[in-house]
Every structure is written in structure tokens, then in C-alpha cells.
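Heads up, my_file_3.txt below (compact mmCIF, C-alpha atoms):
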```
# COMPACT_ATOMS: atom_id res chain seq x y z
CA MET J 277 -5.66 42.32 7.32
CA LEU J 278 -3.50 39.83 5.43
CA VAL J 279 -5.40 36.91 7.00
CA LEU J 280 -8.71 38.58 6.03
CA ALA J 281 -7.49 39.15 2.47
CA PHE J 282 -6.37 35.53 2.21
CA GLY J 283 -9.70 34.40 3.73
CA PHE J 284 -11.54 36.37 1.03
CA TYR J 285 -9.37 34.81 -1.67
CA LYS J 286 -10.08 31.32 -0.24
CA ALA J 287 -13.82 32.07 -0.04
CA MET J 288 -13.93 33.11 -3.68
CA THR J 289 -11.85 30.18 -4.95
CA ALA J 290 -13.52 27.40 -2.90
CA PRO J 291 -15.43 24.92 -5.10
CA THR J 292 -18.99 25.89 -5.97
CA GLU J 293 -21.68 24.11 -3.97
CA ALA J 294 -23.97 21.68 -5.82
CA THR J 295 -27.44 22.99 -4.84
CA MET J 296 -26.95 26.69 -4.00
CA GLY J 297 -24.17 27.55 -6.45
CA ASN J 298 -22.14 30.65 -5.57
CA LEU J 299 -24.71 31.85 -3.03
CA TYR J 300 -23.34 29.42 -0.42
CA ARG J 301 -20.18 31.61 -0.24
CA VAL J 302 -22.18 33.87 2.11
CA PHE J 303 -21.52 31.08 4.63
CA PHE J 304 -17.80 32.00 4.76
CA TYR J 305 -18.72 35.41 6.20
CA HIS J 306 -21.98 34.47 7.97
CA PHE J 307 -20.52 31.63 10.04
CA PRO J 308 -17.50 33.54 11.50
CA HIS J 309 -19.67 36.51 12.47
CA ALA J 310 -22.50 34.42 13.91
CA SER J 311 -20.20 32.10 15.90
CA GLU J 312 -17.94 34.92 17.16
CA SER J 313 -20.99 36.96 18.14
CA TYR J 314 -21.40 34.42 20.99
CA LEU J 315 -17.86 35.08 22.26
CA PHE J 316 -17.99 38.85 22.86
CA PRO J 317 -21.16 38.77 25.02
CA TYR J 318 -19.40 36.25 27.30
CA LEU J 319 -16.42 38.62 27.59
CA ASN J 320 -18.90 41.38 28.41
CA CYS J 321 -20.52 39.18 31.06
CA GLY J 322 -17.14 38.24 32.60
CA ALA J 323 -16.03 41.88 32.74
CA SER J 324 -19.34 42.86 34.32
CA PHE J 325 -18.91 40.22 37.04
CA LEU J 326 -15.40 41.58 37.68
CA TYR J 327 -16.77 45.13 37.83
CA LEU J 328 -19.32 44.11 40.47
CA TYR J 329 -16.63 42.23 42.45
CA TRP J 330 -14.09 45.08 42.36
CA ARG J 331 -16.60 47.90 42.76
CA GLY J 332 -16.26 48.10 46.53
CA ARG J 333 -12.76 46.64 46.78
CA ASN J 334 -10.65 48.18 44.05
CA PRO J 335 -12.26 51.11 42.17
CA ALA J 336 -9.35 51.44 39.71
CA ARG J 337 -9.70 47.83 38.56
CA ALA J 338 -13.48 48.18 38.51
CA LEU J 339 -13.15 51.10 36.08
CA ALA J 340 -10.91 49.00 33.82
CA ALA J 341 -13.45 46.13 33.90
CA ASP J 342 -16.24 48.58 33.07
CA ALA J 343 -14.30 49.90 30.06
CA PHE J 344 -13.70 46.34 28.88
CA ALA J 345 -17.40 45.51 29.30
CA LEU J 346 -18.42 48.49 27.17
CA ALA J 347 -15.87 47.64 24.46
CA SER J 348 -16.93 43.99 24.29
CA ALA J 349 -20.65 44.96 24.16
CA GLU J 350 -20.03 47.22 21.15
CA ILE J 351 -18.14 44.46 19.32
CA ALA J 352 -20.95 42.04 20.25
CA VAL J 353 -23.51 44.39 18.64
CA LEU J 354 -21.30 44.73 15.55
CA TYR J 355 -20.89 40.96 15.08
CA THR J 356 -24.54 40.19 15.88
CA THR J 357 -25.69 42.86 13.39
CA LEU J 358 -23.54 41.27 10.70
CA GLY J 359 -24.69 37.76 11.62
CA LEU J 360 -28.30 38.95 11.21
CA ALA J 361 -27.68 40.94 8.02
CA THR J 362 -25.75 38.22 6.18
CA GLY J 363 -28.27 35.61 7.38
CA MET J 364 -31.23 37.65 6.11
CA LEU J 365 -29.58 38.25 2.72
CA TRP J 366 -28.83 34.55 2.46
CA GLY J 367 -32.35 33.57 3.61
CA ARG J 368 -34.04 35.84 1.07
CA ALA J 369 -32.07 34.27 -1.78
CA ALA J 370 -32.19 30.66 -0.55
CA TRP J 371 -35.63 30.40 1.11
CA GLY J 372 -37.40 33.31 -0.59
CA ILE J 373 -38.06 35.08 2.74
CA TRP J 374 -36.16 37.73 4.67
CA TRP J 375 -37.32 36.55 8.06
CA THR J 376 -39.24 33.88 9.93
CA TRP J 377 -40.02 33.67 13.63
CA ASP J 378 -38.27 30.37 14.27
CA ALA J 379 -36.39 29.65 17.50
CA ARG J 380 -32.87 30.42 16.23
CA LEU J 381 -33.74 33.65 14.47
CA THR J 382 -35.94 34.90 17.31
CA THR J 383 -33.40 34.17 20.08
CA TYR J 384 -30.65 35.71 17.92
CA LEU J 385 -32.73 38.85 17.37
CA LEU J 386 -33.30 38.95 21.13
CA LEU J 387 -29.53 38.74 21.65
CA TRP J 388 -29.05 41.71 19.32
CA LEU J 389 -31.81 43.70 21.06
CA LEU J 390 -30.32 42.98 24.51
CA TYR J 391 -26.90 44.34 23.54
CA VAL J 392 -28.37 47.31 21.69
CA SER J 393 -30.35 48.10 24.87
CA TYR J 394 -27.08 47.75 26.83
CA ILE J 395 -25.46 50.41 24.61
CA LEU J 396 -28.55 52.65 24.94
CA LEU J 397 -28.53 52.22 28.71
CA ARG J 398 -24.88 53.29 28.84
CA ARG J 399 -25.71 56.33 26.74
CA PHE J 400 -28.81 57.55 28.61
CA ALA J 401 -28.64 56.31 32.24
CA ALA J 402 -27.68 58.72 35.04
CA PRO J 403 -23.85 58.89 35.04
CA ASP J 404 -23.41 57.66 38.64
CA GLN J 405 -25.58 54.57 37.96
CA THR J 406 -24.50 53.66 34.42
CA ALA J 407 -21.77 51.14 35.26
CA LEU J 408 -23.80 49.28 37.91
CA LEU J 409 -27.04 49.06 35.89
CA SER J 410 -25.25 48.00 32.73
CA ALA J 411 -23.26 45.31 34.60
CA VAL J 412 -26.52 43.81 35.91
CA LEU J 413 -28.09 43.96 32.42
CA ALA J 414 -24.97 42.31 30.91
CA ILE J 415 -25.22 39.33 33.27
CA PHE J 416 -28.95 39.02 32.55
CA ALA J 417 -28.38 39.29 28.77
CA ALA J 418 -25.77 36.51 28.76
CA ILE J 419 -28.52 34.00 29.65
CA ASP J 420 -29.73 34.23 26.03
CA ILE J 421 -26.42 33.01 24.54
CA PRO J 422 -26.71 29.28 25.43
CA ILE J 423 -30.43 29.30 24.57
CA CYS J 424 -29.66 30.78 21.14
CA TYR J 425 -26.75 28.38 20.57
CA MET J 426 -28.82 25.31 21.51
CA SER J 427 -32.03 26.44 19.74
CA ILE J 428 -31.26 24.51 16.53
CA ARG J 429 -30.62 21.39 18.60
CA TRP J 430 -33.64 21.71 20.89
CA TRP J 431 -36.28 22.75 18.34
CA ARG J 432 -37.05 22.09 14.69
CA THR J 433 -36.27 25.34 12.90
CA GLN J 434 -36.24 26.92 9.45
CA HIS J 435 -32.57 27.65 10.14
CA PRO J 436 -30.48 24.62 9.08
CA ALA J 437 -29.36 22.06 11.68
CA PRO J 438 -25.79 22.51 13.05
CA VAL J 439 -23.22 22.33 10.25
CA PHE J 440 -20.45 21.44 12.70
CA GLY J 441 -20.96 18.93 15.51
CA GLY J 442 -24.53 18.17 14.49
CA GLY J 443 -24.29 14.40 14.11
CA ALA J 444 -23.47 11.98 11.29
CA ASP J 445 -25.14 14.02 8.50
CA SER J 446 -23.47 17.31 9.42
CA GLY J 447 -20.21 18.76 8.14
CA ILE J 448 -18.84 20.31 4.97
CA ASP J 449 -16.72 19.06 2.10
CA PRO J 450 -13.01 18.98 3.12
CA SER J 451 -12.16 21.31 0.21
CA MET J 452 -14.22 24.06 1.90
CA TRP J 453 -12.39 23.89 5.24
CA PRO J 454 -9.52 26.29 4.37
CA ALA J 455 -11.98 29.06 3.47
CA VAL J 456 -13.92 28.51 6.73
CA LEU J 457 -10.83 28.42 8.94
CA TRP J 458 -9.07 31.43 7.36
CA ASN J 459 -12.21 33.54 7.69
CA VAL J 460 -12.92 32.41 11.26
CA ALA J 461 -9.31 33.22 12.22
CA GLY J 462 -9.28 36.51 10.30
CA TRP J 463 -12.51 37.91 11.73
CA LEU J 464 -11.58 36.71 15.22
CA MET J 465 -8.22 38.53 15.06
CA TRP J 466 -9.92 41.63 13.68
CA GLY J 467 -12.53 41.50 16.48
CA ILE J 468 -9.82 41.20 19.14
CA PHE J 469 -7.93 44.11 17.56
CA LEU J 470 -11.11 46.25 17.59
CA LEU J 471 -11.78 45.23 21.19
CA GLY J 472 -8.27 46.32 22.25
CA LEU J 473 -8.56 49.63 20.40
CA ARG J 474 -12.04 50.39 21.80
CA TYR J 475 -10.91 49.45 25.33
CA SER J 476 -7.90 51.75 25.00
CA LEU J 477 -10.17 54.57 23.79
CA GLU J 478 -12.54 54.11 26.74
CA ARG J 479 -9.64 54.10 29.22
CA ARG J 480 -8.44 57.41 27.76
CA ARG J 481 -11.94 58.87 28.11
CA GLN J 482 -12.07 57.68 31.73
CA ALA J 483 -8.67 59.26 32.43
CA ARG J 484 -9.79 62.56 30.87
CA ALA J 485 -13.07 62.50 32.86
CA ALA J 486 -11.14 61.79 36.09
CA ALA J 487 -8.72 64.65 35.38
CA ALA J 488 -11.65 67.01 34.66
CA THR J 489 -13.37 66.01 37.93
CA GLU J 490 -10.13 66.51 39.85
CA HIS J 491 -9.68 69.93 38.27
CA PHE J 492 -13.29 70.87 39.10
CA LEU J 493 -12.96 69.73 42.75
CA GLY J 494 -9.64 71.59 43.02
CA ASN J 495 -11.31 74.80 41.83
CA ILE J 496 -14.11 74.36 44.39
CA ALA J 497 -11.59 73.82 47.20
CA LEU J 498 -9.68 76.91 46.05
CA THR J 499 -12.87 79.03 46.01
CA GLU J 500 -13.82 77.86 49.51
CA ALA J 501 -10.33 78.65 50.83
CA GLN J 502 -10.61 82.20 49.47
CA MET W 86 -14.32 33.43 -10.74
CA THR W 87 -16.97 35.86 -12.02
CA ILE W 88 -20.13 36.82 -10.12
CA PRO W 89 -22.91 37.81 -12.55
CA PHE W 90 -24.87 40.57 -10.81
CA SER W 91 -28.09 39.91 -12.74
CA THR W 92 -29.57 37.18 -10.52
CA LEU W 93 -30.91 37.69 -6.99
CA PRO W 94 -28.68 35.07 -5.29
CA GLN W 95 -25.52 36.51 -6.87
CA ARG W 96 -26.60 40.04 -5.95
CA HIS W 97 -27.25 39.05 -2.37
CA LEU W 98 -23.83 37.40 -2.17
CA VAL W 99 -22.22 40.71 -3.20
CA TYR W 100 -24.45 42.68 -0.76
CA ALA W 101 -23.51 40.34 2.11
CA TYR W 102 -19.76 40.82 1.55
CA CYS W 103 -20.15 44.58 1.05
CA ILE W 104 -22.18 45.07 4.25
CA VAL W 105 -19.57 43.17 6.25
CA TRP W 106 -16.72 45.32 4.93
CA LEU W 107 -18.70 48.55 5.32
CA LEU W 108 -19.71 47.96 8.93
CA GLN W 109 -16.46 46.34 10.09
CA PHE W 110 -14.10 48.87 8.55
CA GLY W 111 -16.50 51.76 9.15
CA TYR W 112 -16.64 50.99 12.87
CA GLY W 113 -12.87 50.38 12.95
CA THR W 114 -12.28 53.79 11.34
CA TRP W 115 -14.63 55.50 13.82
CA VAL W 116 -12.82 53.95 16.80
CA ALA W 117 -9.39 54.80 15.34
CA ILE W 118 -10.35 58.45 14.68
CA ASN W 119 -11.66 58.86 18.24
CA TRP W 120 -8.59 57.10 19.65
CA PHE W 121 -6.28 59.61 17.93
CA ARG W 122 -8.50 62.54 19.01
CA GLU W 123 -8.38 61.41 22.66
CA LYS W 124 -4.62 60.97 22.39
CA ARG W 125 -4.18 64.57 21.24
CA SER W 126 -6.58 66.16 23.77
```

Spit out the file's structure as C-alpha cells when you get a sec.
Amino acid sequence: MLVLAFGFYKAMTAPTEATMGNLYRVFFYHFPHASESYLFPYLNCGASFLYLYWRGRNPARALAADAFALASAEIAVLYTTLGLATGMLWGRAAWGIWWTWDARLTTYLLLWLLYVSYILLRRFAAPDQTALLSAVLAIFAAIDIPICYMSIRWWRTQHPAPVFGGGADSGIDPSMWPAVLWNVAGWLMWGIFLLGLRYSLERRRQARAAAATEHFLGNIALTEAQ
Amino acid sequence: MTIPFSTLPQRHLVYAYCIVWLLQFGYGTWVAINWFREKRS
């Protein structure tokens, strides 16, 4: 929280940009959320691979991997939603439009839709199939991440060219770096904290569900014995 | 630094920061509440 507070202070006190004025300060929140929204889907994909690997070998570990996959998918939806929302607010003020169907925006919307559908699948699929189906969807969904990341390099888009690592003309003024780095670090730490808390919550739910099933099966065995 | 709320770009800057705090801390609060509920049950 301290890092986030300091990041906010740095974002508000960074020098004003020449063409956009204060509006460019959206970048200090848009960039951390958009860039970190590529990290959590990869964690989700990795956990889903582990779930599929452990499914037949080690059910206890598979359950832990499934809980981690769900937690990382929820954080991915949260960060992608904020990447979209801050981008649209910025776009409306800078370009005069809320949305355009260019390659970056479209693939990013697709990323959001894929992880929202993952959450919906987990909510509405038959309980005995939920983990398997969602693991397969997670691996399929991860294909969109590199396409979305590379879209501004592969195609000419309304979205600006890469600010970092985009060639000789890319980059920001050195005086803006502290605000970028503090906010990237702050929102990353916050995301990892949320991920840990959500994973812990899901593990508790799994433990309660396992205890309830055990209790139910025990009652059935008792009834049959009588 | 002051942010005059009268122009669209300044307004959208405020909206962007507010939506980030609302969703991030709203979701964090929801997870924390459920975490404590599960702990008690």
C-alpha cells in the first residue's frame, strides 16, 4: 500500500507532458495494468498444465494447481478490465473515440472475453468436469497473449507503437521513469497479494467441500450398515 | 498540482484513477471478506 501511495504521489508530481498535458498521467495506471494483465494469464496457463499433469498422478497437487488457476484467472480479468477501462477513457479524451477495431484493441478485448468465459465456465459447468474443461480453455486462451503483445509491432494500429523497446523513436523522458517504475512495482505487488489471498480462499473452499463430501459418504455408509 | 474538473481530458484522468481504485480495492475487500468467512466456518 505504501508503494502504491508513493506511486500515486510520483504520478501526480511527474512533469506535465508537452502535447497531452495532464491527461498523459493516465499512462502511469494504464501501463502497469495492461502489461501485468499479460502475466496472470500465463500463470493461469502454467497452473492448468500442472493440473492436467497431476490429475491422474497426484490428485492433491492437482487440486492446488486448479485453485491457483482459478485465482490467477480472476486477477487476469481484473487487470484486463482495468487495462481496457483506462485505455478507453484515455482514448476518448486523446483521440475523440471510445473504441476502434484495430489489432491491439481487438486482440485485447478477445483476451478479456476469453478469461471472462473461463470464469463463467467455472461457475456453470457440471462440477465433475469444471476443472478439466477450464484447464483446456486456459491453455487455448493463452495463445492470444503473444498475438496481443506483438499486434502493435506486426500491424499498423490506432494504438501507439511500443513505448518501451520499440526502436530508436520510442521511450519516455527520464524524469517520468520513477512514476512508471513505482506504479509497475506497486500494482505488481498488489496483484501478487490478491493472488495469494484468492488462492488461500479457494483452498479453504476445497477443504470445506472435501470435508462435506466425506461427511456425506460417512452418513451413507452408516445408513447401509444399519 | 491541481486538476480542473471542467475539461474532458482532466475529467477522464480522474475517472481513470477512480475506476482503478474502485475495482482493485473493491475486489480485494470482497476476497478478504470471503477469506474471513471461510476461516470462521

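For chain W, the residues within 9 Å of chain J are W:Met86, W:Ile88, W:Leu93, W:Pro94, W:Gln95, W:Arg96, W:His97, W:Leu98, W:Val99, W:Tyr100, W:Ala101, W:Tyr102, W:Ile104, W:Val105, W:Leu108, W:Gln109, W:Tyr112, W:Gly113, W:Val116, W:Ala117, W:Asn119, W:Trp120, W:Phe121, W:Glu123, W:Lys124, W:Ser126, with all atoms listed in the file used to measure distance.
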
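Among the candidates J:Ala379, J:Ile468, J:Leu386, J:Leu328, the residue lying nearest to J:Ala347 is J:Ile468 (atoms considered: only C-alpha atoms).
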
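In this comparison, which uses all atoms listed in the file, the residue of J:Ala345, J:Ala323, J:Ser410, J:Tyr425 approaching J:Thr382 most closely is J:Tyr425.
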
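Note that the spacing between atom CA of J:Leu360 and atom CA of J:Trp431 amounts to 19.4 Å.
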
How many Å separate atom CA of J:Ile419 from atom CA of W:Gly111? 29.7 Å

What's the separation between atom CA of J:Gln434 and atom CA of J:Val460, in Å to one decimal place? 24.0 Å

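Restricting the calculation to all atoms listed in the file, the smallest distance between J:Ile395 and any of J:Trp375, J:Val353, J:Thr433, J:Ala417 is found for J:Val353.
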
What residues have an atom no more than 12 Å from (-10.5, 26.8, 5.9) in the file's own frame, counting all atoms listed in the file, and can you write them as a PyMOL selection string? chain J and resi 279-280+282-290+303-305+307-308+448-462

Taking all atoms of stretch 314-332 of chain J that the file lists and extending 3 Å past them on each side, where is the centre of the axis-aligned box and how long are its edges? Answer in Å to one decimal, as JSON.
```
{"center_x": -17.7, "center_y": 41.3, "center_z": 33.8, "size_x": 13.3, "size_y": 19.7, "size_z": 31.5}
```

Surrounding residues of J:Arg337 excluding itself and chain neighbours under 6 positions, 10 Å, all atoms listed in the file, as a PDB file with C-alpha atoms, in the frame of the given file:
```pdb
ATOM      1  CA  LEU J 326     -15.400  41.580  37.680  1.00  0.00           C
ATOM      2  CA  TYR J 327     -16.770  45.130  37.830  1.00  0.00           C
ATOM      3  CA  TYR J 329     -16.630  42.230  42.450  1.00  0.00           C
ATOM      4  CA  TRP J 330     -14.090  45.080  42.360  1.00  0.00           C
ATOM      5  CA  ARG J 331     -16.600  47.900  42.760  1.00  0.00           C
ATOM      6  CA  ALA J 343     -14.300  49.900  30.060  1.00  0.00           C
TER       7      ALA J 343
END
```

Chain W written out with C-alpha atoms as a JSON list (two decimals), in the first residue's frame:
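Okay, part.json is ready:
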```json
[["chain", "number", "residue", "atom", "x", "y", "z"],
["W", 86, "MET", "CA", -0.79, 20.13, -8.64],
["W", 87, "THR", "CA", -4.47, 20.92, -9.27],
["W", 88, "ILE", "CA", -6.71, 19.02, -11.70],
["W", 89, "PRO", "CA", -9.50, 21.30, -13.01],
["W", 90, "PHE", "CA", -12.54, 19.05, -13.44],
["W", 91, "SER", "CA", -14.15, 21.26, -16.10],
["W", 92, "THR", "CA", -12.42, 19.85, -19.20],
["W", 93, "LEU", "CA", -12.99, 16.38, -20.66],
["W", 94, "PRO", "CA", -9.32, 15.24, -20.55],
["W", 95, "GLN", "CA", -8.96, 16.25, -16.88],
["W", 96, "ARG", "CA", -12.27, 14.57, -16.04],
["W", 97, "HIS", "CA", -11.22, 11.37, -17.76],
["W", 98, "LEU", "CA", -7.93, 11.39, -15.87],
["W", 99, "VAL", "CA", -9.86, 11.49, -12.58],
["W", 100, "TYR", "CA", -12.30, 8.78, -13.79],
["W", 101, "ALA", "CA", -9.40, 6.51, -14.80],
["W", 102, "TYR", "CA", -7.75, 6.73, -11.36],
["W", 103, "CYS", "CA", -11.09, 6.33, -9.56],
["W", 104, "ILE", "CA", -12.10, 3.22, -11.54],
["W", 105, "VAL", "CA", -8.74, 1.60, -10.79],
["W", 106, "TRP", "CA", -9.09, 2.20, -7.04],
["W", 107, "LEU", "CA", -12.75, 1.15, -7.00],
["W", 108, "LEU", "CA", -12.23, -2.15, -8.80],
["W", 109, "GLN", "CA", -8.89, -3.06, -7.22],
["W", 110, "PHE", "CA", -9.86, -2.31, -3.63],
["W", 111, "GLY", "CA", -13.44, -3.46, -4.16],
["W", 112, "TYR", "CA", -12.27, -6.87, -5.37],
["W", 113, "GLY", "CA", -9.63, -7.01, -2.61],
["W", 114, "THR", "CA", -12.32, -6.31, 0.01],
["W", 115, "TRP", "CA", -14.61, -8.99, -1.45],
["W", 116, "VAL", "CA", -11.83, -11.60, -1.34],
["W", 117, "ALA", "CA", -10.82, -10.59, 2.20],
["W", 118, "ILE", "CA", -14.42, -10.78, 3.50],
["W", 119, "ASN", "CA", -14.89, -14.25, 2.00],
["W", 120, "TRP", "CA", -11.50, -15.36, 3.32],
["W", 121, "PHE", "CA", -12.50, -14.43, 6.88],
["W", 122, "ARG", "CA", -15.94, -16.06, 6.44],
["W", 123, "GLU", "CA", -14.34, -19.33, 5.27],
["W", 124, "LYS", "CA", -11.91, -19.17, 8.17],
["W", 125, "ARG", "CA", -14.76, -18.95, 10.68],
["W", 126, "SER", "CA", -16.97, -21.66, 9.11]]
```
